[in-house]
>>> print(open('input.txt').read())   # compact mmCIF, C-alpha atoms and all ligand atoms
# COMPACT_ATOMS: atom_id res chain seq x y z
CA MET A 143 114.48 141.04 106.88
CA ASN A 144 116.08 138.27 108.96
CA ILE A 145 118.18 136.01 106.76
CA LEU A 146 119.72 132.57 107.28
CA ILE A 147 122.45 131.32 104.94
CA LEU A 148 123.33 127.62 105.03
CA GLY A 149 126.98 126.72 104.43
CA GLY A 150 130.43 127.65 105.62
CA GLY A 151 132.79 128.08 102.68
CA GLY A 152 134.13 130.92 100.58
CA ARG A 153 130.90 130.86 98.59
CA GLU A 154 128.84 131.50 101.71
CA HIS A 155 131.23 134.22 102.94
CA SER A 156 130.75 136.07 99.66
CA LEU A 157 126.96 135.59 99.81
CA ALA A 158 126.95 136.91 103.39
CA TRP A 159 129.12 139.87 102.39
CA ALA A 160 126.78 140.83 99.53
CA VAL A 161 123.63 140.33 101.62
CA MET A 162 125.02 142.45 104.48
CA GLN A 163 125.47 145.41 102.12
CA ASN A 164 121.76 145.52 101.41
CA PRO A 165 119.90 147.80 103.85
CA LYS A 166 116.99 145.34 103.68
CA CYS A 167 119.00 142.88 105.78
CA ASP A 168 118.27 143.41 109.49
CA LYS A 169 119.89 140.27 110.84
CA LEU A 170 122.07 137.62 109.25
CA ILE A 171 122.87 134.17 110.64
CA VAL A 172 125.12 131.73 108.80
CA ALA A 173 125.23 128.04 109.71
CA PRO A 174 127.85 126.80 110.26
CA GLY A 175 129.85 129.76 108.88
CA ASN A 176 133.61 130.18 109.40
CA ALA A 177 136.03 132.64 111.00
CA GLY A 178 135.67 135.22 108.21
CA ILE A 179 131.88 135.05 108.22
CA ALA A 180 131.90 135.44 112.02
CA MET A 181 133.42 138.93 111.52
CA ILE A 182 130.30 140.13 109.66
CA ALA A 183 127.42 137.91 110.82
CA ASP A 184 126.30 135.55 113.60
CA CYS A 185 127.36 131.94 113.11
CA ALA A 186 125.33 128.99 114.43
CA THR A 187 125.96 125.29 114.82
CA LEU A 188 123.26 123.36 112.99
CA ASP A 189 122.94 120.12 111.01
CA ILE A 190 122.22 121.83 107.69
CA GLU A 191 121.23 118.57 105.97
CA ASP A 192 118.43 117.97 108.48
CA GLY A 193 115.42 119.86 107.12
CA GLY A 194 113.46 119.53 110.36
CA ALA A 195 116.32 120.95 112.42
CA VAL A 196 116.79 123.84 109.98
CA ALA A 197 113.04 124.62 110.00
CA ASN A 198 112.98 124.66 113.82
CA PHE A 199 116.03 126.90 113.95
CA ALA A 200 114.46 129.29 111.40
CA GLU A 201 111.28 129.39 113.46
CA GLU A 202 113.12 130.09 116.72
CA ASN A 203 115.14 132.88 115.13
CA ALA A 204 112.26 134.57 113.28
CA ILE A 205 113.95 134.01 109.91
CA ASP A 206 112.21 135.49 106.86
CA PHE A 207 114.45 134.18 104.08
CA VAL A 208 116.75 131.15 103.83
CA ILE A 209 119.53 131.00 101.23
CA ILE A 210 120.97 127.51 100.69
CA GLY A 211 124.63 127.50 99.59
CA PRO A 212 125.85 123.91 99.05
CA GLU A 213 124.33 120.99 97.13
CA ALA A 214 124.04 118.45 99.95
CA PRO A 215 121.12 120.15 101.77
CA LEU A 216 119.38 120.70 98.43
CA ALA A 217 119.67 117.03 97.48
CA ALA A 218 118.48 116.14 101.01
CA GLY A 219 115.26 118.12 100.50
CA VAL A 220 115.95 120.92 102.97
CA ALA A 221 114.38 123.50 100.62
CA ASP A 222 111.19 121.39 100.39
CA ARG A 223 110.96 121.02 104.16
CA LEU A 224 111.42 124.77 104.67
CA ARG A 225 108.86 125.69 102.02
CA ASP A 226 106.37 123.26 103.57
CA ALA A 227 106.89 125.11 106.85
CA GLY A 228 106.07 128.39 105.12
CA PHE A 229 109.56 129.89 104.76
CA LEU A 230 110.76 131.85 101.76
CA VAL A 231 113.71 129.87 100.36
CA PHE A 232 116.34 130.41 97.69
CA GLY A 233 117.26 126.97 96.35
CA PRO A 234 115.62 124.18 94.35
CA SER A 235 113.51 121.29 95.63
CA ALA A 236 115.17 117.87 95.91
CA ALA A 237 113.35 116.86 92.72
CA ALA A 238 114.71 119.87 90.79
CA ALA A 239 118.18 119.51 92.34
CA GLN A 240 118.47 116.19 90.50
CA LEU A 241 119.89 118.38 87.73
CA GLU A 242 123.05 118.25 89.82
CA ALA A 243 122.51 115.10 91.88
CA SER A 244 121.98 112.71 88.95
CA LYS A 245 123.92 112.90 85.71
CA ALA A 246 121.57 110.44 83.98
CA PHE A 247 118.57 112.58 84.98
CA THR A 248 120.25 115.66 83.46
CA LYS A 249 121.01 113.84 80.23
CA GLU A 250 117.38 112.72 79.95
CA ILE A 251 116.16 116.27 80.52
CA CYS A 252 118.60 117.56 77.88
CA ASP A 253 117.38 114.99 75.38
CA ALA A 254 113.73 115.83 76.08
CA ALA A 255 114.49 119.58 75.85
CA GLY A 256 116.62 119.22 72.70
CA ALA A 257 119.56 120.85 74.51
CA PRO A 258 122.94 120.14 72.88
CA THR A 259 125.20 117.96 75.04
CA ALA A 260 127.57 115.00 74.62
CA ALA A 261 126.15 111.73 73.26
CA TRP A 262 125.70 109.35 76.18
CA ALA A 263 124.55 106.00 77.55
CA ARG A 264 123.82 104.76 81.08
CA PHE A 265 124.84 101.46 82.62
CA THR A 266 124.00 99.51 85.76
CA SER A 267 126.56 96.74 85.24
CA PRO A 268 130.18 96.70 84.06
CA GLU A 269 130.12 94.35 81.04
CA PRO A 270 127.85 96.43 78.76
CA ALA A 271 129.76 99.55 79.86
CA ARG A 272 133.05 97.96 78.80
CA ALA A 273 131.54 96.91 75.47
CA TYR A 274 130.36 100.50 74.86
CA ILE A 275 133.84 101.85 75.55
CA ARG A 276 135.45 99.32 73.18
CA GLU A 277 132.90 100.21 70.52
CA HIS A 278 133.36 104.00 70.79
CA GLY A 279 137.07 104.17 71.69
CA ALA A 280 138.92 106.97 73.49
CA PRO A 281 138.92 109.80 74.35
CA ILE A 282 135.74 109.10 76.29
CA VAL A 283 134.29 110.27 79.62
CA VAL A 284 133.13 107.96 82.45
CA LYS A 285 130.95 109.42 85.22
CA ALA A 286 129.49 108.03 88.44
CA ASP A 287 125.80 108.95 88.31
CA GLY A 288 125.36 110.50 91.76
CA LEU A 289 127.03 113.19 93.88
CA ALA A 290 130.69 112.27 94.36
CA ALA A 291 132.09 115.57 95.68
CA GLY A 292 133.35 116.51 92.21
CA LYS A 293 135.48 113.38 91.95
CA GLY A 294 133.15 111.06 90.05
CA VAL A 295 134.29 112.05 86.53
CA VAL A 296 137.13 110.41 84.60
CA VAL A 297 138.09 112.05 81.31
CA ALA A 298 139.89 109.07 79.75
CA MET A 299 142.34 109.82 76.96
CA ASP A 300 142.88 106.09 76.36
CA GLU A 301 140.69 103.01 76.48
CA ALA A 302 142.53 101.34 79.38
CA THR A 303 141.86 104.33 81.65
CA ALA A 304 138.18 104.28 80.73
CA LEU A 305 137.90 100.54 81.41
CA ALA A 306 139.68 100.94 84.75
CA ALA A 307 137.26 103.76 85.68
CA VAL A 308 134.30 101.48 85.01
CA ASP A 309 135.82 98.82 87.28
CA ASP A 310 136.48 101.40 90.01
CA MET A 311 132.98 102.85 89.88
CA PHE A 312 131.14 99.55 89.88
CA GLY A 313 133.67 98.31 92.44
CA GLY A 314 132.30 100.87 94.91
CA ALA A 315 135.01 103.55 94.74
CA PHE A 316 132.27 106.20 94.92
CA GLY A 317 129.83 104.31 97.12
CA GLY A 318 126.19 104.65 96.10
CA ALA A 319 127.08 107.38 93.59
CA GLY A 320 128.67 104.73 91.34
CA ALA A 321 125.79 102.23 91.32
CA GLU A 322 124.95 103.66 87.94
CA VAL A 323 127.53 104.91 85.43
CA VAL A 324 127.10 107.35 82.56
CA ILE A 325 129.54 107.15 79.66
CA GLU A 326 129.68 110.03 77.25
CA GLU A 327 131.37 111.46 74.22
CA PHE A 328 134.47 113.58 74.89
CA MET A 329 133.80 117.21 73.97
CA ASP A 330 136.61 119.48 72.90
CA GLY A 331 136.52 123.25 73.37
CA GLU A 332 136.84 125.90 76.06
CA GLU A 333 134.85 125.54 79.29
CA ALA A 334 132.98 128.37 80.95
CA SER A 335 130.25 128.71 83.55
CA PHE A 336 126.99 130.52 83.03
CA PHE A 337 124.88 131.49 86.06
CA VAL A 338 121.18 132.20 85.82
CA LEU A 339 118.53 132.73 88.44
CA CYS A 340 115.24 130.87 87.97
CA ASP A 341 111.87 131.36 89.65
CA GLY A 342 110.28 128.21 88.23
CA ALA A 343 109.27 129.86 84.96
CA ASN A 344 111.47 132.89 84.26
CA VAL A 345 115.22 132.94 83.81
CA LEU A 346 117.60 135.84 84.49
CA PRO A 347 121.31 135.63 83.56
CA ILE A 348 123.45 137.08 86.36
CA GLY A 349 126.96 136.49 85.13
CA THR A 350 129.61 134.30 83.59
CA ALA A 351 132.87 132.97 85.03
CA GLN A 352 135.72 130.61 84.41
CA ASP A 353 137.52 128.67 87.09
CA HIS A 354 140.80 126.78 87.25
CA LYS A 355 140.12 123.24 88.43
CA ARG A 356 143.66 121.84 88.32
CA VAL A 357 145.96 122.35 91.27
CA GLY A 358 149.04 123.36 89.25
CA GLU A 359 150.03 126.31 87.12
CA GLY A 360 149.29 125.95 83.41
CA ASP A 361 146.21 123.89 84.42
CA THR A 362 148.25 120.81 85.34
CA GLY A 363 148.05 118.20 88.11
CA PRO A 364 145.04 116.75 89.90
CA ASN A 365 141.57 118.28 89.93
CA THR A 366 140.49 120.40 92.90
CA GLY A 367 137.30 122.21 93.87
CA GLY A 368 138.77 125.22 92.02
CA MET A 369 141.99 127.20 92.55
CA GLY A 370 140.72 130.54 91.30
CA ALA A 371 138.13 132.16 89.06
CA TYR A 372 137.32 135.31 87.18
CA SER A 373 134.23 136.98 85.82
CA PRO A 374 133.15 137.70 83.15
CA ALA A 375 134.35 134.82 80.93
CA PRO A 376 135.46 136.30 77.60
CA VAL A 377 134.59 133.09 75.72
CA LEU A 378 130.94 133.57 76.73
CA THR A 379 130.40 136.45 74.35
CA PRO A 380 126.90 137.97 74.18
CA GLU A 381 126.24 135.83 71.09
CA VAL A 382 127.32 132.58 72.76
CA ALA A 383 125.38 133.51 75.91
CA ALA A 384 122.24 134.16 73.86
CA ARG A 385 122.61 130.75 72.20
CA ALA A 386 123.12 129.09 75.58
CA MET A 387 119.94 130.75 76.87
CA ASP A 388 117.86 129.83 73.80
CA GLU A 389 119.20 126.35 73.10
CA ILE A 390 120.07 125.01 76.56
CA ILE A 391 118.83 126.92 79.59
CA ARG A 392 115.32 128.06 78.67
CA PRO A 393 114.41 124.64 77.18
CA THR A 394 115.73 122.93 80.35
CA VAL A 395 113.75 125.16 82.70
CA ALA A 396 110.62 124.69 80.56
CA GLU A 397 111.08 120.90 80.58
CA MET A 398 111.48 120.90 84.38
CA ALA A 399 108.26 122.89 84.76
CA ARG A 400 106.48 120.54 82.35
CA ARG A 401 107.52 117.59 84.53
CA GLY A 402 106.05 119.23 87.61
CA MET A 403 109.42 120.02 89.18
CA PRO A 404 109.85 123.75 88.52
CA TYR A 405 113.40 124.94 89.08
CA GLN A 406 113.84 127.77 91.58
CA GLY A 407 117.23 129.07 92.65
CA VAL A 408 120.50 129.51 90.81
CA LEU A 409 121.19 127.24 87.88
CA TYR A 410 124.87 126.92 87.09
CA ALA A 411 125.49 125.62 83.60
CA GLY A 412 128.96 124.28 82.83
CA LEU A 413 129.36 124.78 79.08
CA MET A 414 131.85 123.57 76.50
CA ILE A 415 132.22 126.12 73.74
CA ALA A 416 133.66 125.25 70.33
CA ASP A 417 133.34 127.39 67.20
CA GLY A 418 130.90 129.69 68.95
CA ALA A 419 128.51 126.84 69.78
CA PRO A 420 127.80 125.99 73.45
CA ARG A 421 127.10 122.45 74.63
CA LEU A 422 126.17 121.45 78.18
CA VAL A 423 128.80 119.65 80.26
CA GLU A 424 126.83 119.62 83.49
CA TYR A 425 124.39 121.53 85.64
CA ASN A 426 124.85 122.45 89.27
CA ALA A 427 121.96 123.44 91.49
CA ARG A 428 124.01 126.00 93.46
CA PHE A 429 126.57 128.73 92.96
CA GLY A 430 130.07 127.58 92.04
CA ASP A 431 132.82 127.91 94.61
CA PRO A 432 134.97 130.02 93.94
CA GLU A 433 132.87 131.38 91.03
CA CYS A 434 130.32 132.80 93.49
CA GLN A 435 133.01 134.95 95.06
CA VAL A 436 133.68 136.83 91.80
CA LEU A 437 129.96 137.08 90.99
CA MET A 438 129.14 138.51 94.43
CA MET A 439 132.03 140.96 94.23
CA ARG A 440 130.50 142.29 91.00
CA LEU A 441 126.83 142.19 92.05
CA GLY A 442 127.13 143.48 95.61
CA ALA A 443 123.93 144.42 97.46
CA GLN A 444 121.59 143.74 94.52
CA ALA A 445 122.34 140.01 94.86
CA LEU A 446 119.86 139.88 97.76
CA ASP A 447 117.09 141.59 95.77
CA LEU A 448 117.66 139.22 92.86
CA MET A 449 117.65 136.07 95.01
CA GLN A 450 114.51 137.28 96.76
CA ALA A 451 112.82 137.97 93.40
CA ALA A 452 113.70 134.40 92.30
CA ALA A 453 112.29 132.92 95.51
CA GLU A 454 109.10 135.00 95.23
CA GLY A 455 108.51 134.20 91.54
CA ARG A 456 109.09 137.79 90.42
CA LEU A 457 112.02 137.43 88.05
CA GLU A 458 110.06 138.55 85.03
CA ASP A 459 110.49 142.18 86.09
CA ALA A 460 113.93 141.85 87.70
CA ARG A 461 116.96 143.48 86.11
CA VAL A 462 120.66 143.22 86.87
CA ASN A 463 122.52 146.48 87.20
CA TRP A 464 125.75 145.72 85.34
CA ALA A 465 128.84 147.75 86.16
CA GLY A 466 130.90 146.53 83.20
CA ASP A 467 133.64 145.55 85.66
CA HIS A 468 135.81 142.45 86.19
CA ALA A 469 136.61 140.40 89.26
CA LEU A 470 139.22 137.76 89.97
CA THR A 471 139.80 135.49 92.95
CA VAL A 472 142.93 133.57 93.93
CA VAL A 473 142.45 130.54 96.17
CA MET A 474 145.07 130.06 98.88
CA ALA A 475 145.15 126.42 99.94
CA ALA A 476 147.02 124.35 102.52
CA ARG A 477 150.17 122.68 101.14
CA GLY A 478 149.28 119.13 100.13
CA TYR A 479 145.73 119.96 98.95
CA PRO A 480 143.91 118.24 97.20
CA GLY A 481 145.74 115.40 99.00
CA SER A 482 146.34 115.39 102.75
CA TYR A 483 147.40 118.62 104.44
CA ALA A 484 148.13 120.05 107.87
CA LYS A 485 145.61 122.09 109.86
CA GLY A 486 146.12 124.70 112.54
CA ASP A 487 148.62 127.13 110.93
CA VAL A 488 148.18 130.71 112.07
CA ILE A 489 147.65 133.07 109.11
CA GLY A 490 149.05 136.59 109.47
CA GLY A 491 148.82 139.83 107.54
CA LEU A 492 145.06 139.77 107.01
CA ASP A 493 144.36 142.81 109.18
CA ASP A 494 146.50 145.00 106.96
CA LEU A 495 144.69 144.14 103.72
CA PRO A 496 142.10 146.50 102.24
CA GLU A 497 138.50 145.32 102.56
CA ASP A 498 136.01 147.39 100.59
CA SER A 499 133.69 147.10 97.61
CA GLY A 500 136.66 146.26 95.40
CA HIS A 501 138.79 144.08 97.70
CA MET A 502 137.84 141.18 99.94
CA VAL A 503 139.44 138.13 101.43
CA PHE A 504 136.65 135.58 101.56
CA HIS A 505 137.36 132.80 104.04
CA ALA A 506 136.76 129.12 103.30
CA GLY A 507 138.42 126.69 105.75
CA THR A 508 139.33 129.01 108.62
CA THR A 509 138.80 128.86 112.37
CA GLU A 510 139.44 131.56 114.95
CA ARG A 511 141.62 130.53 117.86
CA ASP A 512 142.67 132.93 120.62
CA GLY A 513 141.89 135.89 118.40
CA LYS A 514 143.98 134.53 115.51
CA ILE A 515 142.83 133.16 112.16
CA THR A 516 143.97 129.56 111.62
CA ALA A 517 143.77 127.27 108.59
CA SER A 518 141.30 124.43 109.07
CA GLY A 519 140.58 123.17 105.56
CA GLY A 520 142.10 122.44 102.15
CA ARG A 521 140.97 125.61 100.42
CA VAL A 522 141.39 128.31 103.04
CA LEU A 523 141.20 131.86 101.60
CA ASN A 524 139.78 133.43 98.45
CA VAL A 525 141.64 136.64 97.79
CA THR A 526 139.29 138.62 95.57
CA ALA A 527 139.48 141.95 93.78
CA ARG A 528 137.50 143.97 91.29
CA GLY A 529 138.83 146.22 88.56
CA ALA A 530 137.95 148.12 85.43
CA THR A 531 139.76 145.45 83.42
CA LEU A 532 140.69 141.85 84.14
CA GLU A 533 144.38 142.88 84.27
CA ASP A 534 143.52 145.44 86.91
CA ALA A 535 141.49 142.97 89.01
CA CYS A 536 144.30 140.42 88.66
CA ALA A 537 147.02 142.86 89.77
CA ARG A 538 144.98 143.97 92.78
CA ALA A 539 144.22 140.40 93.85
CA TYR A 540 147.87 139.32 93.66
CA ALA A 541 149.00 142.44 95.52
CA MET A 542 146.73 141.32 98.36
CA VAL A 543 148.01 137.73 98.16
CA ASP A 544 151.53 139.10 98.66
CA GLY A 545 150.37 140.60 101.96
CA VAL A 546 149.19 137.28 103.40
CA ASP A 547 151.70 135.69 105.75
CA TRP A 548 151.13 131.94 105.57
CA PRO A 549 154.21 129.80 104.85
CA GLY A 550 152.09 126.62 105.00
CA GLY A 551 149.86 127.80 102.16
CA PHE A 552 150.21 127.85 98.39
CA TYR A 553 148.39 129.34 95.42
CA ARG A 554 148.58 129.47 91.64
CA ARG A 555 150.22 132.55 90.18
CA ASP A 556 148.49 132.26 86.83
CA ILE A 557 144.78 132.66 87.61
CA GLY A 558 143.13 134.22 84.56
CA TRP A 559 145.96 133.27 82.18
CA ARG A 560 143.69 132.09 79.38
CA ALA A 561 141.64 135.28 79.33
CA LEU A 562 144.67 137.52 79.88
CA LYS A 563 146.53 135.87 77.02
CA GLY A 564 143.64 136.67 74.73
CA SER A 565 143.57 140.32 75.83
CA ASP A 566 145.82 143.19 74.76
CA ARG A 567 147.97 143.06 77.84
P1 LIG B 1 131.48 117.40 85.73
O1 LIG B 1 131.59 116.97 87.16
O2 LIG B 1 130.43 116.73 84.94
O3 LIG B 1 131.55 118.88 85.57
O4 LIG B 1 132.89 117.02 85.09
C1 LIG B 1 134.09 117.52 85.60
C2 LIG B 1 134.96 118.01 84.48
O5 LIG B 1 135.20 116.94 83.57
C3 LIG B 1 134.31 119.09 83.63
O6 LIG B 1 134.46 120.34 84.18
C4 LIG B 1 135.05 118.92 82.33
O7 LIG B 1 136.33 119.55 82.41
C5 LIG B 1 135.26 117.44 82.25
N1 LIG B 1 134.21 116.82 81.44
C6 LIG B 1 133.04 116.33 81.88
N2 LIG B 1 132.32 115.84 80.84
C7 LIG B 1 133.06 116.02 79.73
C8 LIG B 1 132.87 115.71 78.33
N3 LIG B 1 131.78 115.06 77.90
N4 LIG B 1 133.86 116.06 77.48
C9 LIG B 1 134.99 116.66 77.93
N5 LIG B 1 135.23 116.96 79.21
C10 LIG B 1 134.28 116.65 80.11
N1 LIG B 2 134.23 125.47 91.12
C1 LIG B 2 133.43 124.41 90.63
C2 LIG B 2 132.23 124.12 91.41
O1 LIG B 2 131.84 124.82 92.31
O2 LIG B 2 131.57 123.13 91.08
>>> encode(input="input.txt", output="structure tokens")
Amino acid sequence: MNILILGGGGREHSLAWAVMQNPKCDKLIVAPGNAGIAMIADCATLDIEDGGAVANFAEENAIDFVIIGPEAPLAAGVADRLRDAGFLVFGPSAAAAQLEASKAFTKEICDAAGAPTAAWARFTSPEPARAYIREHGAPIVVKADGLAAGKGVVVAMDEATALAAVDDMFGGAFGGAGAEVVIEEFMDGEEASFFVLCDGANVLPIGTAQDHKRVGEGDTGPNTGGMGAYSPAPVLTPEVAARAMDEIIRPTVAEMARRGMPYQGVLYAGLMIADGAPRLVEYNARFGDPECQVLMMRLGAQALDLMQAAAEGRLEDARVNWAGDHALTVVMAARGYPGSYAKGDVIGGLDDLPEDSGHMVFHAGTTERDGKITASGGRVLNVTARGATLEDACARAYAMVDGVDWPGGFYRRDIGWRALKGSDR
């Protein structure tokens, strides 16, 4: 099978790594890829948000299966264009990807499906939004409706912050994404991510994870794309996961099918869990980054079979082979991230690190120059390890981090703290 993966971050490196382990994979191309991916697969330059260009490329390269990593090509309809051209694709249609691309759409689906989520209202002008905030008081959450690269959410602990967020969003701070604003109830609890594969009708859970969004230790400082993650998430006990499936995920997937926009691909549910009850925070139409890295480390080669079964509508009979293991990833980022940062540092020590089924450095923003790996993004490396326990995975990951020679980089030393605190360590 000839496979094309779209994307070039740590998520796509881990997808490529898992796919390459499956003997079914004859050839793998990743577009655009990065320096780490280039060590295990061919990388190609391609406008991955241009469905026509991707379809032509797939045709020219005799691709059998396309796996779409990030949300932008999904929202741009690349999966639709490829399916129309007869390709097997892992990833939802643009219509189904609205579950990520529009917060108001998701809230409507949740209401129609009876899925528990925060109370909400949508606004297209600032004055009624301000009145709603004054009426409900803080804490309260203000969200730009559309895709805003993870930055369109303000969790306001006081009314002034919420009112300022409304002004910012309608003032164009998020461009078109802020033309409509959703305001919702603040939910308290512990957050965790639940990943399921969908084939339009059937749903298969493939793992749980928690990430650390804040840049600083103790979960402090500004939000980032994620500074580390671990799987499984202890708060998503089998009981909570069963409730999430019955009350949130299956009703959502059924409602999408009923509306003629069946959901096919991975559905990533961000949940808030309080007193054993899950409520939906948000959906994403893709794997999380860096959550994907810990999921792929645990799933390995079977990830390809499962994604193929989802794309072919065969999930009813698919099973996940669970190893009962744990994985943890530490993100190494360029100093200054999520603000401005320098590019071009040479990163040393990588050749001496173990790379096997239990240890991998997944690359995100890296570029090869003169045979050396250089930093070319904010989040640069995902140092990932697997273990029999979370403590074990954590110790292995940090031992690898210690071997990376990159004075211009930084990382959090406390990835997994919440779960480790709750364990018997
Ligand atoms: P989202 O982009 O919708 O995931 O929001 C980003 C982050 O904001 C989430 O991961 C939560 O930590 C937080 N958040 C979003 N909505 C709520 C809510 N209704 N209550 C509390 N926190 C929220
Ligand atoms: N790590 C969070 C995300 O991928 O949305």
>>> closest_residue(input="input.txt", among="A:Arg356, A:Lys166, A:Arg477, A:Arg272", to="ligand LIG 1 (chain B)", atoms="all atoms listed in the file")
A:Arg356
>>> atom_distance(input="input.txt", atom1="atom CA of Gly529 of chain A", atom2="atom O7 of ligand LIG 1 (chain B)")
27.5 Å
>>> residues_around(input="input.txt", residues="segment 507-513 of chain A", least_positions_apart="5", cutoff="12 Å", atoms="all atoms listed in the file", output="PyMOL selection string")
chain A and resi 149-155+174-181+185+473-476+484-490+493+518-524
>>> residues_around(input="input.txt", residues="Thr531 of chain A", least_positions_apart="6", cutoff="12 Å", atoms="all atoms listed in the file", output="JSON, numbers by chain")
{"A": [372, 373, 374, 376, 465, 466, 467, 468, 469, 470, 537, 538, 558, 561, 562, 565, 566, 567]}
>>> write_last_selection(input="input.txt", atoms="C-alpha atoms", output="short mmCIF file (atom, residue, chain, number, x, y, z; two decimals), in the coordinates of the input")
data_model
loop_
_atom_site.label_atom_id
_atom_site.label_comp_id
_atom_site.auth_asym_id
_atom_site.auth_seq_id
_atom_site.Cartn_x
_atom_site.Cartn_y
_atom_site.Cartn_z
CA TYR A 372 137.32 135.31 87.18
CA SER A 373 134.23 136.98 85.82
CA PRO A 374 133.15 137.70 83.15
CA PRO A 376 135.46 136.30 77.60
CA ALA A 465 128.84 147.75 86.16
CA GLY A 466 130.90 146.53 83.20
CA ASP A 467 133.64 145.55 85.66
CA HIS A 468 135.81 142.45 86.19
CA ALA A 469 136.61 140.40 89.26
CA LEU A 470 139.22 137.76 89.97
CA ALA A 537 147.02 142.86 89.77
CA ARG A 538 144.98 143.97 92.78
CA GLY A 558 143.13 134.22 84.56
CA ALA A 561 141.64 135.28 79.33
CA LEU A 562 144.67 137.52 79.88
CA SER A 565 143.57 140.32 75.83
CA ASP A 566 145.82 143.19 74.76
CA ARG A 567 147.97 143.06 77.84
#
>>> closest_residue(input="input.txt", among="A:Leu532, A:Ala236, A:Leu241, A:Met329", to="Tyr410 of chain A", atoms="all atoms listed in the file")
A:Leu241
>>> closest_residue(input="input.txt", among="A:Gly368, A:Gly349, A:Gly455, A:Gly478", to="ligand LIG 2 (chain B)", atoms="all atoms listed in the file")
A:Gly368
>>> closest_residue(input="input.txt", among="A:Ala302, A:Arg264, A:Val345, A:Val408", to="Phe429 of chain A", atoms="only C-alpha atoms")
A:Val408
>>> residues_near_ligand(input="input.txt", ligand="ligand LIG 1 (chain B)", cutoff="10 Å", atoms="all atoms listed in the file", output="MDAnalysis selection string")
chainID A and resid 242 245 259:262 281:287 289:298 325:335 353:356 365 411:414 421:426
>>> write_last_selection(input="input.txt", atoms="C-alpha atoms", output="short mmCIF file (atom, residue, chain, number, x, y, z; two decimals), keeping the file's coordinate frame")
data_model
loop_
_atom_site.label_atom_id
_atom_site.label_comp_id
_atom_site.auth_asym_id
_atom_site.auth_seq_id
_atom_site.Cartn_x
_atom_site.Cartn_y
_atom_site.Cartn_z
CA GLU A 242 123.05 118.25 89.82
CA LYS A 245 123.92 112.90 85.71
CA THR A 259 125.20 117.96 75.04
CA ALA A 260 127.57 115.00 74.62
CA ALA A 261 126.15 111.73 73.26
CA TRP A 262 125.70 109.35 76.18
CA PRO A 281 138.92 109.80 74.35
CA ILE A 282 135.74 109.10 76.29
CA VAL A 283 134.29 110.27 79.62
CA VAL A 284 133.13 107.96 82.45
CA LYS A 285 130.95 109.42 85.22
CA ALA A 286 129.49 108.03 88.44
CA ASP A 287 125.80 108.95 88.31
CA LEU A 289 127.03 113.19 93.88
CA ALA A 290 130.69 112.27 94.36
CA ALA A 291 132.09 115.57 95.68
CA GLY A 292 133.35 116.51 92.21
CA LYS A 293 135.48 113.38 91.95
CA GLY A 294 133.15 111.06 90.05
CA VAL A 295 134.29 112.05 86.53
CA VAL A 296 137.13 110.41 84.60
CA VAL A 297 138.09 112.05 81.31
CA ALA A 298 139.89 109.07 79.75
CA ILE A 325 129.54 107.15 79.66
CA GLU A 326 129.68 110.03 77.25
CA GLU A 327 131.37 111.46 74.22
CA PHE A 328 134.47 113.58 74.89
CA MET A 329 133.80 117.21 73.97
CA ASP A 330 136.61 119.48 72.90
CA GLY A 331 136.52 123.25 73.37
CA GLU A 332 136.84 125.90 76.06
CA GLU A 333 134.85 125.54 79.29
CA ALA A 334 132.98 128.37 80.95
CA SER A 335 130.25 128.71 83.55
CA ASP A 353 137.52 128.67 87.09
CA HIS A 354 140.80 126.78 87.25
CA LYS A 355 140.12 123.24 88.43
CA ARG A 356 143.66 121.84 88.32
CA ASN A 365 141.57 118.28 89.93
CA ALA A 411 125.49 125.62 83.60
CA GLY A 412 128.96 124.28 82.83
CA LEU A 413 129.36 124.78 79.08
CA MET A 414 131.85 123.57 76.50
CA ARG A 421 127.10 122.45 74.63
CA LEU A 422 126.17 121.45 78.18
CA VAL A 423 128.80 119.65 80.26
CA GLU A 424 126.83 119.62 83.49
CA TYR A 425 124.39 121.53 85.64
CA ASN A 426 124.85 122.45 89.27
#
